[in-house]
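Participant: Quick one: this structure, given as structure tokens, is what I'll be asking you about.
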Amino acid sequence: MNHDPARADAVLFCVRGLAFARNDEPVFGPLDFTLDRGETLLVEGDNGSGKTTLLRVLTGTLAASAGDIRFDGRVATHEVLAGRALFLGHHPGVKNDLSPRENLAFLAGLYGTHEGASIESALREVDLAIYADTPLRLLSAGQKKRAALARLALLPGDLWLLDEPYANLDRHGIELVNALVAAHIARGGATLLTSHGAVRFADPDARHVRLALSL
Amino acid sequence: MNHDPARADAVLFCVRGLAFARNDEPVFGPLDFTLDRGETLLVEGDNGSGKTTLLRVLTGTLAASAGDIRFDGRVATHEVLAGRALFLGHHPGVKNDLSPRENLAFLAGLYGTHEGASIESALREVDLAIYADTPLRLLSAGQKKRAALARLALLPGDLWLLDEPYANLDRHGIELVNALVAAHIARGGATLLTSHGAVRFADPDARHVRLALSL
Amino acid sequence: MSRSYLPHWMHLLGSPPTFYRFAGALRPWLLASSLVLAAVGIYGGLVLAPTDYQQGDAYRIIFIHVPCAWMSLFAYACMAVAALAAMVWRVKLAEVIAMECAPVGAAFTLVTLITGSLWGRPMWGTWWTWDARLTSELVLLFLFLGVIGLFNAIEDRRRAARAASLLALVGIVNLPIVHYSVVWWNTLHQGSTVNFLGPSKIAPGMLWPLLLMALATHLYFFASVLNRARVGLLEVEGGKEWARTLVMESAR
Amino acid sequence: MSTPSAGAACRALLRREFTLAWRRRGEMLLPLLYAVIVTTLFPFALGPDAALLARISGGVLLVTVLLAMLPALESMFRGDLEDGSLEQLLLAPQPLALLVLVRVLAHWATAALPLIVVAPLLALLLKLPADVLPVLLAALLLATPLLALLGAILSALTAGARRSAILLALMLLPLAVPVVIFAAGAVAAAQAGLPYLAPLLWLGAALVLALALAPFACAAALRIAVEA
Amino acid sequence: MSTPSAGAACRALLRREFTLAWRRRGEMLLPLLYAVIVTTLFPFALGPDAALLARISGGVLLVTVLLAMLPALESMFRGDLEDGSLEQLLLAPQPLALLVLVRVLAHWATAALPLIVVAPLLALLLKLPADVLPVLLAALLLATPLLALLGAILSALTAGARRSAILLALMLLPLAVPVVIFAAGAVAAAQAGLPYLAPLLWLGAALVLALALAPFACAAALRIAVEA
Ligand code: HEM
Ligand SMILES: Nc1ncnc2c1ncn2[C@@H]1O[C@H](COP(=O)(O)OP(=O)(O)OP(=O)(O)O)[C@@H](O)[C@H]1O
Ligand SMILES: Nc1ncnc2c1ncn2[C@@H]1O[C@H](COP(=O)(O)OP(=O)(O)OP(=O)(O)O)[C@@H](O)[C@H]1O
Ligand SMILES: [Mg+2]
Ligand SMILES: [Mg+2]
């Protein structure tokens, strides 16, 4: 975790002494890391080590118990993050009664789309074109996951926060995630993703944060 | 898939010309395989290739459109399978409002326990001892998965049908599943498990069934 | 899939292509004869039959009401039998027939309710009361509708058919209630007047047209169910080659 | 590795159902509060006319209690279907019909019994004549499990279906009507000082029939439902 | 990559809500059938006395319609919370309060409006005097959105916590009572030929207040709920 206060305001995302405790028992210890445009940060940790919790703190749905989070040099409040951070959690945030297309249309309506991207293209990128209009409840586990991932190919947002994007995906699916991340980085975005390292992550020069089980 | 009619009645589990179609469109083609005590069968296939569907046909929750399934030489009806087959699906079949211990106690009440196994030991085997009494909804994704897996260490049953036992698990978790399967095999049980091959499966001499995407 | 328990003739008829041809051959005869009988019955009922000494001509609605009422029960019984076969042997044909009985039966039930309340206005001075016979008949209608609704609410045709069949079987309980309601409870609705074993409490001049109409409705019921079943079979068996060849022929 | 006796399995199931009900006592108490709300609101809605109130109280109470049951009925098996625990039940070594019966009775005990327990209180609120109360309770004790059993079949049938809720209501309406007619008939008769046994006996007969047949229908319906 | 206008976002949200409601028209129609069942059952429960029926019909109708809304209210945000789409709403670039308001109105349109549409039919079943109908409709048009907004706050508050339903019901009870009293008051007054405007105006004032404040309270409550 190369942490350098000088460029703290310059970097896109900067976390200092971040810690979270659930009724006084620490879930993850004080963390310091920066994440700049074009960078990827891989958060690794065993089951229960606090990856999901960390991401929820970063998105502001959980209040940190110590430390501060800065986005573009400003304290990362809801207003600052709104529309610029893209979150994909264990709970995919898609409706089982809607088709992939309808789900994407809704998200696009809220967040907008980045230039050159369309719902069709996004669905094609995740190989769901043929299932574009099938309600998610009729899709297989991996197809559901792809439907959730499709938003990455459609919505704008500088900072991606992905919680176990690889779960339930087959080999193609995993390469697909890596390709999406690579494209995002190339566009000058930043990505933070979690994994418990059972699946090897492509990007060689990605930096790592390891969370230890704090029992 | 070495299919040998001669020993069809001898083997524990024998599948002949098994096929499933939804409204006349095939999901997986005619399959033949046998699975005997002490054997493991790994069903590999991409997302949407029909692994989950196959398992649900084998458990009898879906009616096959062709072919027959024999268990101990008898047609595998509900009555024949009841209590002898153990199924673990995408939907873990545990209640989020109950603790791991309560969930296990319920399953043990229905299925019984195999000799020498106790709820405590099962929870210890999946490293959930400290979370034995926390409602599942407060556990992490991987911990939930372990709570579901714990039944494998507790309940009797000759035939295990596991749908993606590795999803959401960290390295230890994966080794843990492999250990459980190994023990089951050693006890003279049979295991059929699915995976889309992103995670490598331990047992070297396991046979494979590959499902192709039938579009 | 244990078809083996089936008697031989059921096997024969059970095979869709055979049934398709059989039904196609039988249907026109049934339809024609039912129309002829109905014509005679109507004539006998509305013209020849004597005027009722207390009801005047209002009673003549009996020639529609009663046959339809009987049919509503008969249709449900047929549906239930087919449903049983569908549940036990998983015979595709039985599933189709059970499902096709429902709309026809619902129609008869509806006519019964309508003619009944039309008749009730002059007789009882009200269109509707919650008398046991009327209520149970209404329940019968809801059961038919439930079967139809359930069948259409489930994507997979065969699963839908079996779910709906099960509902049909559950609903059998209502049949004796409809029939014996007049016996078990003191209802506004009159008790059984036509009696096939003993002498009927009805003028012979009224009886024979009534029976003709009853016969006609039965024949019509079979005709329309057979026809609907053929269409239904084509939908279920659309994939099979006999259906495709058949469509080819009809195209040529 | 002997499979547990049917009795043991039923106990395990009951324990699970009651623990769950306790964890979710919120949902469990909802019908209760619902009934309380209705009965407290009625006097307001009708204006304070004691005679009128007393006259309609019996009917109002029955309708309220029976209707307070409906929402819970509708989703009886939804949860078990969605989280996969239904499949675990189907694969269990015990006869499914038995397990289903236990399940339904547990549902009745958690969803309907509380209603019956507070019924006297509600009766008080609605100024129901005291001597009618026993008849009312008897009617409820017969009518509620009957509805629960019928509702179980229907909700099992519609569990996998698309427009499940509307279908359920469509089918439950005609079934609820006779039940209410008999129950209300008994109460009304008692309130008018007439013999009220006959309708209660009819309800009892129907209940016995349902207890004997419903579990099997329900089990069959569930096997179909999991195919979804 | 310009973020969409608030209007566009609201349209997207509305479209989603209505599509979902349509996909689940079952659940959407449940309160409807529910109300229909109640009103059809009442005549049996009370016996066929037209005068009596007409007298209580106004109150019965209001109570029925307002209570038919409760079950749906209770789970207003549950789904969004459990499948994670609530987090997507929170992170959206538009003001949360606005989105929440739209969400609640959509809920009203799908859960309450149908009830109001069938109200005249129900009024017919219950033999409500024709000249009272307009007042009844006005009362419903004011009372239902009011209840929806109040319910939204409470269901947001309790969405995260367990025991949600009971808390909600407990808090909704005191809030629902005055609403029903005013509405029923207006109808009763109209039925008695007295001036009925005042209670309606009170309802209207309360509604305006709720429209202005509830969304913010609701948004705050939701931010708390996701922390659970
Ligand atoms: C909506 C009102 C009515 C309904 C739903 C209704 C229903 C039925 C049904 C279901 C049956 C067949 C019973 C059986 O075969 O077991 C029947 C038979 C009959 N109904 Fe009605 N009915 C209605 C009104 C009336 C009225 C107003 C009359 C004339 C007073 C009437 C006269 C008869 C007669 C004479 C029979 C034949 C009885 C027998 O011989 O079995 N019905 N009705
Ligand atoms: N809502 C909650 N309430 C209380 N404790 C919780 C809650 N959610 C998670 N925990 C606990 O906090 C710890 C961290 O959970 P978290 O979900 O962040 O782990 P994780 O790294 O995401 O694990 P996994 O790899 O299994 O997803 C775990 O021990 C878990 O039991
Ligand atoms: N209930 C259903 N109704 C209709 N189609 C379905 C249903 N469930 C699955 N399918 C389709 O059947 C195919 C096989 O699904 P299945 O879940 O068996 O795949 P899978 O191999 O388990 O995939 P995954 O690895 O993602 O779990 C998929 O194309 C899916 O869209
Ligand atoms: Mg996690
Ligand atoms: Mg799968």
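Here, A, B, ... name the chains of the structure tokens in the order displayed, residue numbers run from 1 inside each chain, and ligands are numbered from 1 in the same displayed order.
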What does chain A look like after a least-squares fit onto chain B on every Cα paired in order, written as a PDB file with C-alpha atoms, in the first residue's frame?
Facilitator:
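Contents of out.pdb, freshly written:
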ATOM      1  CA  MET A   1     -18.261 -42.094 -19.574  1.00  0.00           C
ATOM      2  CA  ASN A   2     -17.485 -45.813 -19.312  1.00  0.00           C
ATOM      3  CA  HIS A   3     -21.010 -47.183 -19.606  1.00  0.00           C
ATOM      4  CA  ASP A   4     -21.378 -50.945 -19.072  1.00  0.00           C
ATOM      5  CA  PRO A   5     -24.968 -52.309 -19.013  1.00  0.00           C
ATOM      6  CA  ALA A   6     -23.855 -55.620 -17.484  1.00  0.00           C
ATOM      7  CA  ARG A   7     -23.067 -54.095 -14.065  1.00  0.00           C
ATOM      8  CA  ALA A   8     -25.977 -51.687 -14.314  1.00  0.00           C
ATOM      9  CA  ASP A   9     -27.755 -53.410 -11.460  1.00  0.00           C
ATOM     10  CA  ALA A  10     -24.581 -53.746  -9.431  1.00  0.00           C
ATOM     11  CA  VAL A  11     -23.569 -50.077  -9.501  1.00  0.00           C
ATOM     12  CA  LEU A  12     -25.077 -47.563  -7.085  1.00  0.00           C
ATOM     13  CA  PHE A  13     -26.205 -45.017  -9.648  1.00  0.00           C
ATOM     14  CA  CYS A  14     -26.704 -45.619 -13.336  1.00  0.00           C
ATOM     15  CA  VAL A  15     -28.010 -43.132 -15.896  1.00  0.00           C
ATOM     16  CA  ARG A  16     -28.968 -44.193 -19.445  1.00  0.00           C
ATOM     17  CA  GLY A  17     -29.878 -41.922 -22.371  1.00  0.00           C
ATOM     18  CA  LEU A  18     -30.972 -39.202 -20.013  1.00  0.00           C
ATOM     19  CA  ALA A  19     -32.179 -36.049 -21.747  1.00  0.00           C
ATOM     20  CA  PHE A  20     -34.197 -33.018 -20.714  1.00  0.00           C
ATOM     21  CA  ALA A  21     -36.014 -30.535 -22.915  1.00  0.00           C
ATOM     22  CA  ARG A  22     -37.890 -27.447 -21.858  1.00  0.00           C
ATOM     23  CA  ASN A  23     -40.943 -27.072 -24.048  1.00  0.00           C
ATOM     24  CA  ASP A  24     -39.303 -29.067 -26.840  1.00  0.00           C
ATOM     25  CA  GLU A  25     -35.941 -27.279 -26.872  1.00  0.00           C
ATOM     26  CA  PRO A  26     -33.243 -29.580 -25.501  1.00  0.00           C
ATOM     27  CA  VAL A  27     -31.388 -28.355 -22.417  1.00  0.00           C
ATOM     28  CA  PHE A  28     -28.922 -31.257 -22.199  1.00  0.00           C
ATOM     29  CA  GLY A  29     -28.501 -34.069 -24.675  1.00  0.00           C
ATOM     30  CA  PRO A  30     -28.780 -37.832 -24.024  1.00  0.00           C
ATOM     31  CA  LEU A  31     -26.310 -38.668 -21.230  1.00  0.00           C
ATOM     32  CA  ASP A  32     -25.019 -42.089 -20.133  1.00  0.00           C
ATOM     33  CA  PHE A  33     -22.917 -42.545 -17.053  1.00  0.00           C
ATOM     34  CA  THR A  34     -22.580 -44.759 -14.023  1.00  0.00           C
ATOM     35  CA  LEU A  35     -21.436 -43.724 -10.606  1.00  0.00           C
ATOM     36  CA  ASP A  36     -20.453 -46.388  -8.117  1.00  0.00           C
ATOM     37  CA  ARG A  37     -19.577 -46.316  -4.446  1.00  0.00           C
ATOM     38  CA  GLY A  38     -16.186 -44.694  -3.892  1.00  0.00           C
ATOM     39  CA  GLU A  39     -16.394 -42.805  -7.157  1.00  0.00           C
ATOM     40  CA  THR A  40     -16.587 -39.074  -7.926  1.00  0.00           C
ATOM     41  CA  LEU A  41     -18.111 -37.611 -11.052  1.00  0.00           C
ATOM     42  CA  LEU A  42     -17.371 -34.014 -12.015  1.00  0.00           C
ATOM     43  CA  VAL A  43     -19.983 -32.397 -14.258  1.00  0.00           C
ATOM     44  CA  GLU A  44     -18.363 -29.532 -16.079  1.00  0.00           C
ATOM     45  CA  GLY A  45     -20.047 -27.034 -18.344  1.00  0.00           C
ATOM     46  CA  ASP A  46     -20.280 -23.363 -19.104  1.00  0.00           C
ATOM     47  CA  ASN A  47     -22.911 -21.071 -17.646  1.00  0.00           C
ATOM     48  CA  GLY A  48     -26.269 -22.179 -18.924  1.00  0.00           C
ATOM     49  CA  SER A  49     -25.080 -25.539 -20.166  1.00  0.00           C
ATOM     50  CA  GLY A  50     -27.554 -27.386 -17.982  1.00  0.00           C
ATOM     51  CA  LYS A  51     -25.668 -28.501 -14.873  1.00  0.00           C
ATOM     52  CA  THR A  52     -28.263 -27.341 -12.395  1.00  0.00           C
ATOM     53  CA  THR A  53     -31.036 -28.699 -14.567  1.00  0.00           C
ATOM     54  CA  LEU A  54     -29.277 -32.083 -14.711  1.00  0.00           C
ATOM     55  CA  LEU A  55     -28.996 -32.226 -10.943  1.00  0.00           C
ATOM     56  CA  ARG A  56     -32.643 -31.339 -10.514  1.00  0.00           C
ATOM     57  CA  VAL A  57     -33.570 -34.109 -12.923  1.00  0.00           C
ATOM     58  CA  LEU A  58     -31.390 -36.548 -10.972  1.00  0.00           C
ATOM     59  CA  THR A  59     -33.052 -35.594  -7.685  1.00  0.00           C
ATOM     60  CA  GLY A  60     -36.422 -36.070  -9.348  1.00  0.00           C
ATOM     61  CA  THR A  61     -37.639 -32.499  -8.869  1.00  0.00           C
ATOM     62  CA  LEU A  62     -37.690 -32.216 -12.660  1.00  0.00           C
ATOM     63  CA  ALA A  63     -39.076 -35.031 -14.823  1.00  0.00           C
ATOM     64  CA  ALA A  64     -36.642 -36.238 -17.499  1.00  0.00           C
ATOM     65  CA  SER A  65     -37.987 -36.116 -21.036  1.00  0.00           C
ATOM     66  CA  ALA A  66     -36.098 -39.288 -22.019  1.00  0.00           C
ATOM     67  CA  GLY A  67     -33.866 -42.026 -20.559  1.00  0.00           C
ATOM     68  CA  ASP A  68     -33.905 -43.669 -17.141  1.00  0.00           C
ATOM     69  CA  ILE A  69     -32.131 -43.272 -13.833  1.00  0.00           C
ATOM     70  CA  ARG A  70     -31.422 -46.304 -11.625  1.00  0.00           C
ATOM     71  CA  PHE A  71     -30.393 -46.237  -7.999  1.00  0.00           C
ATOM     72  CA  ASP A  72     -29.217 -49.574  -6.556  1.00  0.00           C
ATOM     73  CA  GLY A  73     -30.646 -51.152  -9.704  1.00  0.00           C
ATOM     74  CA  ARG A  74     -34.133 -49.807  -9.053  1.00  0.00           C
ATOM     75  CA  VAL A  75     -35.758 -46.948 -10.945  1.00  0.00           C
ATOM     76  CA  ALA A  76     -34.895 -43.833  -8.936  1.00  0.00           C
ATOM     77  CA  THR A  77     -38.325 -42.735  -7.687  1.00  0.00           C
ATOM     78  CA  HIS A  78     -38.873 -40.339  -4.810  1.00  0.00           C
ATOM     79  CA  GLU A  79     -39.346 -43.288  -2.469  1.00  0.00           C
ATOM     80  CA  VAL A  80     -36.096 -44.946  -3.583  1.00  0.00           C
ATOM     81  CA  LEU A  81     -34.002 -41.788  -3.297  1.00  0.00           C
ATOM     82  CA  ALA A  82     -35.663 -40.459  -0.156  1.00  0.00           C
ATOM     83  CA  GLY A  83     -33.070 -40.191   2.596  1.00  0.00           C
ATOM     84  CA  ARG A  84     -30.279 -41.794   0.546  1.00  0.00           C
ATOM     85  CA  ALA A  85     -29.459 -38.867  -1.740  1.00  0.00           C
ATOM     86  CA  LEU A  86     -28.158 -35.585  -0.372  1.00  0.00           C
ATOM     87  CA  PHE A  87     -28.695 -32.497  -2.516  1.00  0.00           C
ATOM     88  CA  LEU A  88     -26.992 -29.126  -2.238  1.00  0.00           C
ATOM     89  CA  GLY A  89     -28.107 -26.577  -4.805  1.00  0.00           C
ATOM     90  CA  HIS A  90     -27.596 -22.932  -5.708  1.00  0.00           C
ATOM     91  CA  HIS A  91     -30.349 -22.261  -3.204  1.00  0.00           C
ATOM     92  CA  PRO A  92     -28.685 -23.528  -0.038  1.00  0.00           C
ATOM     93  CA  GLY A  93     -31.876 -24.748   1.614  1.00  0.00           C
ATOM     94  CA  VAL A  94     -31.091 -23.022   4.893  1.00  0.00           C
ATOM     95  CA  LYS A  95     -33.126 -20.364   6.687  1.00  0.00           C
ATOM     96  CA  ASN A  96     -31.568 -16.919   7.044  1.00  0.00           C
ATOM     97  CA  ASP A  97     -33.383 -16.325  10.320  1.00  0.00           C
ATOM     98  CA  LEU A  98     -31.952 -19.448  11.930  1.00  0.00           C
ATOM     99  CA  SER A  99     -28.432 -19.990  13.216  1.00  0.00           C
ATOM    100  CA  PRO A 100     -26.196 -22.645  11.629  1.00  0.00           C
ATOM    101  CA  ARG A 101     -26.851 -24.907  14.614  1.00  0.00           C
ATOM    102  CA  GLU A 102     -30.628 -24.574  14.346  1.00  0.00           C
ATOM    103  CA  ASN A 103     -30.525 -25.234  10.611  1.00  0.00           C
ATOM    104  CA  LEU A 104     -28.455 -28.368  11.109  1.00  0.00           C
ATOM    105  CA  ALA A 105     -30.659 -29.558  13.955  1.00  0.00           C
ATOM    106  CA  PHE A 106     -33.660 -29.372  11.655  1.00  0.00           C
ATOM    107  CA  LEU A 107     -31.993 -31.310   8.838  1.00  0.00           C
ATOM    108  CA  ALA A 108     -30.680 -33.889  11.292  1.00  0.00           C
ATOM    109  CA  GLY A 109     -34.209 -34.278  12.576  1.00  0.00           C
ATOM    110  CA  LEU A 110     -35.390 -35.160   9.067  1.00  0.00           C
ATOM    111  CA  TYR A 111     -32.467 -37.166   7.725  1.00  0.00           C
ATOM    112  CA  GLY A 112     -30.735 -38.395  10.856  1.00  0.00           C
ATOM    113  CA  THR A 113     -26.953 -38.292  11.300  1.00  0.00           C
ATOM    114  CA  HIS A 114     -24.245 -40.715  10.247  1.00  0.00           C
ATOM    115  CA  GLU A 115     -22.458 -42.506  13.073  1.00  0.00           C
ATOM    116  CA  GLY A 116     -19.824 -40.528  14.913  1.00  0.00           C
ATOM    117  CA  ALA A 117     -21.064 -37.216  13.563  1.00  0.00           C
ATOM    118  CA  SER A 118     -22.575 -34.496  15.749  1.00  0.00           C
ATOM    119  CA  ILE A 119     -23.763 -30.965  15.036  1.00  0.00           C
ATOM    120  CA  GLU A 120     -20.810 -29.616  16.981  1.00  0.00           C
ATOM    121  CA  SER A 121     -18.275 -31.677  15.028  1.00  0.00           C
ATOM    122  CA  ALA A 122     -19.935 -30.727  11.734  1.00  0.00           C
ATOM    123  CA  LEU A 123     -19.754 -27.011  12.585  1.00  0.00           C
ATOM    124  CA  ARG A 124     -16.128 -27.415  13.616  1.00  0.00           C
ATOM    125  CA  GLU A 125     -15.331 -29.154  10.329  1.00  0.00           C
ATOM    126  CA  VAL A 126     -16.513 -26.111   8.353  1.00  0.00           C
ATOM    127  CA  ASP A 127     -14.877 -23.597  10.739  1.00  0.00           C
ATOM    128  CA  LEU A 128     -18.190 -22.143  11.871  1.00  0.00           C
ATOM    129  CA  ALA A 129     -17.945 -23.097  15.546  1.00  0.00           C
ATOM    130  CA  ILE A 130     -17.723 -19.448  16.642  1.00  0.00           C
ATOM    131  CA  TYR A 131     -20.738 -18.493  14.517  1.00  0.00           C
ATOM    132  CA  ALA A 132     -22.781 -21.519  15.598  1.00  0.00           C
ATOM    133  CA  ASP A 133     -25.495 -19.308  17.084  1.00  0.00           C
ATOM    134  CA  THR A 134     -25.486 -16.245  14.797  1.00  0.00           C
ATOM    135  CA  PRO A 135     -28.467 -15.973  12.470  1.00  0.00           C
ATOM    136  CA  LEU A 136     -27.298 -16.607   8.908  1.00  0.00           C
ATOM    137  CA  ARG A 137     -28.424 -13.194   7.758  1.00  0.00           C
ATOM    138  CA  LEU A 138     -25.584 -11.702   9.780  1.00  0.00           C
ATOM    139  CA  LEU A 139     -22.945 -13.924   8.214  1.00  0.00           C
ATOM    140  CA  SER A 140     -20.756 -13.218   5.213  1.00  0.00           C
ATOM    141  CA  ALA A 141     -21.447 -14.855   1.850  1.00  0.00           C
ATOM    142  CA  GLY A 142     -18.795 -17.521   2.369  1.00  0.00           C
ATOM    143  CA  GLN A 143     -19.883 -18.185   5.944  1.00  0.00           C
ATOM    144  CA  LYS A 144     -23.438 -18.780   4.692  1.00  0.00           C
ATOM    145  CA  LYS A 145     -22.073 -21.220   2.136  1.00  0.00           C
ATOM    146  CA  ARG A 146     -20.172 -23.054   4.848  1.00  0.00           C
ATOM    147  CA  ALA A 147     -23.300 -23.267   6.956  1.00  0.00           C
ATOM    148  CA  ALA A 148     -24.992 -24.989   4.015  1.00  0.00           C
ATOM    149  CA  LEU A 149     -22.018 -27.300   3.458  1.00  0.00           C
ATOM    150  CA  ALA A 150     -21.973 -28.334   7.111  1.00  0.00           C
ATOM    151  CA  ARG A 151     -24.807 -30.793   6.409  1.00  0.00           C
ATOM    152  CA  LEU A 152     -22.378 -32.876   4.349  1.00  0.00           C
ATOM    153  CA  ALA A 153     -20.392 -33.542   7.502  1.00  0.00           C
ATOM    154  CA  LEU A 154     -23.516 -34.498   9.462  1.00  0.00           C
ATOM    155  CA  LEU A 155     -26.240 -36.214   7.445  1.00  0.00           C
ATOM    156  CA  PRO A 156     -26.158 -39.794   6.140  1.00  0.00           C
ATOM    157  CA  GLY A 157     -26.704 -40.552   2.448  1.00  0.00           C
ATOM    158  CA  ASP A 158     -24.846 -42.655  -0.116  1.00  0.00           C
ATOM    159  CA  LEU A 159     -25.155 -40.285  -3.050  1.00  0.00           C
ATOM    160  CA  TRP A 160     -24.123 -36.654  -2.869  1.00  0.00           C
ATOM    161  CA  LEU A 161     -25.401 -34.295  -5.561  1.00  0.00           C
ATOM    162  CA  LEU A 162     -23.577 -30.969  -5.161  1.00  0.00           C
ATOM    163  CA  ASP A 163     -24.276 -27.984  -7.405  1.00  0.00           C
ATOM    164  CA  GLU A 164     -21.255 -25.673  -7.458  1.00  0.00           C
ATOM    165  CA  PRO A 165     -20.084 -26.410  -3.939  1.00  0.00           C
ATOM    166  CA  TYR A 166     -17.126 -24.098  -4.551  1.00  0.00           C
ATOM    167  CA  ALA A 167     -18.969 -20.870  -5.283  1.00  0.00           C
ATOM    168  CA  ASN A 168     -18.239 -18.006  -2.830  1.00  0.00           C
ATOM    169  CA  LEU A 169     -15.602 -20.034  -0.971  1.00  0.00           C
ATOM    170  CA  ASP A 170     -12.027 -18.988  -0.286  1.00  0.00           C
ATOM    171  CA  ARG A 171      -9.020 -21.307  -0.690  1.00  0.00           C
ATOM    172  CA  HIS A 172      -9.533 -22.973   2.691  1.00  0.00           C
ATOM    173  CA  GLY A 173     -13.184 -23.384   1.877  1.00  0.00           C
ATOM    174  CA  ILE A 174     -12.377 -25.173  -1.359  1.00  0.00           C
ATOM    175  CA  GLU A 175      -9.910 -27.535   0.308  1.00  0.00           C
ATOM    176  CA  LEU A 176     -12.601 -28.101   2.926  1.00  0.00           C
ATOM    177  CA  VAL A 177     -15.090 -29.236   0.279  1.00  0.00           C
ATOM    178  CA  ASN A 178     -12.496 -31.507  -1.280  1.00  0.00           C
ATOM    179  CA  ALA A 179     -11.734 -32.994   2.142  1.00  0.00           C
ATOM    180  CA  LEU A 180     -15.441 -33.617   2.810  1.00  0.00           C
ATOM    181  CA  VAL A 181     -15.829 -35.332  -0.560  1.00  0.00           C
ATOM    182  CA  ALA A 182     -12.710 -37.428   0.002  1.00  0.00           C
ATOM    183  CA  ALA A 183     -14.017 -38.565   3.389  1.00  0.00           C
ATOM    184  CA  HIS A 184     -17.387 -39.435   1.852  1.00  0.00           C
ATOM    185  CA  ILE A 185     -15.731 -41.470  -0.904  1.00  0.00           C
ATOM    186  CA  ALA A 186     -13.586 -43.235   1.671  1.00  0.00           C
ATOM    187  CA  ARG A 187     -16.753 -44.140   3.599  1.00  0.00           C
ATOM    188  CA  GLY A 188     -17.958 -45.805   0.401  1.00  0.00           C
ATOM    189  CA  GLY A 189     -20.224 -43.003  -0.780  1.00  0.00           C
ATOM    190  CA  ALA A 190     -20.567 -41.596  -4.269  1.00  0.00           C
ATOM    191  CA  THR A 191     -20.341 -37.933  -5.251  1.00  0.00           C
ATOM    192  CA  LEU A 192     -21.551 -36.040  -8.296  1.00  0.00           C
ATOM    193  CA  LEU A 193     -20.578 -32.386  -8.339  1.00  0.00           C
ATOM    194  CA  THR A 194     -20.821 -29.604 -10.849  1.00  0.00           C
ATOM    195  CA  SER A 195     -18.363 -26.845 -11.591  1.00  0.00           C
ATOM    196  CA  HIS A 196     -17.626 -24.584 -14.510  1.00  0.00           C
ATOM    197  CA  GLY A 197     -13.996 -25.448 -14.066  1.00  0.00           C
ATOM    198  CA  ALA A 198     -12.806 -22.021 -13.031  1.00  0.00           C
ATOM    199  CA  VAL A 199     -11.754 -23.709  -9.788  1.00  0.00           C
ATOM    200  CA  ARG A 200      -9.598 -26.820 -10.181  1.00  0.00           C
ATOM    201  CA  PHE A 201     -11.004 -29.851  -8.400  1.00  0.00           C
ATOM    202  CA  ALA A 202      -8.649 -31.901  -6.270  1.00  0.00           C
ATOM    203  CA  ASP A 203      -9.377 -35.592  -6.912  1.00  0.00           C
ATOM    204  CA  PRO A 204      -7.074 -36.623  -9.793  1.00  0.00           C
ATOM    205  CA  ASP A 205      -8.869 -39.819 -10.845  1.00  0.00           C
ATOM    206  CA  ALA A 206     -12.345 -38.278 -10.908  1.00  0.00           C
ATOM    207  CA  ARG A 207     -14.232 -38.934 -14.131  1.00  0.00           C
ATOM    208  CA  HIS A 208     -15.735 -36.006 -16.055  1.00  0.00           C
ATOM    209  CA  VAL A 209     -18.975 -35.319 -17.863  1.00  0.00           C
ATOM    210  CA  ARG A 210     -18.857 -32.245 -20.072  1.00  0.00           C
ATOM    211  CA  LEU A 211     -22.084 -30.488 -20.914  1.00  0.00           C
ATOM    212  CA  ALA A 212     -21.979 -28.384 -24.073  1.00  0.00           C
ATOM    213  CA  LEU A 213     -24.087 -25.272 -24.522  1.00  0.00           C
ATOM    214  CA  SER A 214     -26.939 -26.458 -26.689  1.00  0.00           C
ATOM    215  CA  LEU A 215     -28.068 -23.341 -28.496  1.00  0.00           C
TER     216      LEU A 215
END
Participant: Give me, as number ranges by chain, all polymer residues having an atom no more than 7 Å from region 211-220 of chain D, counting only C-alpha atoms and skipping those fewer than 6 positions away in the same chain.
Facilitator: D: 96-98, 100-101, 149-150, 152-153, 156
Participant: Would you mind listing what lies within 7 Å of region 126-143 of chain C as a PyMOL selection string, with only C-alpha atoms counted and same-chain residues fewer than 4 positions away left out?
Facilitator: (chain C and resi 106+109-110+117-118+120-121+147+171+174+177-178+181-182+185+187-189) or (chain D and resi 171+174)
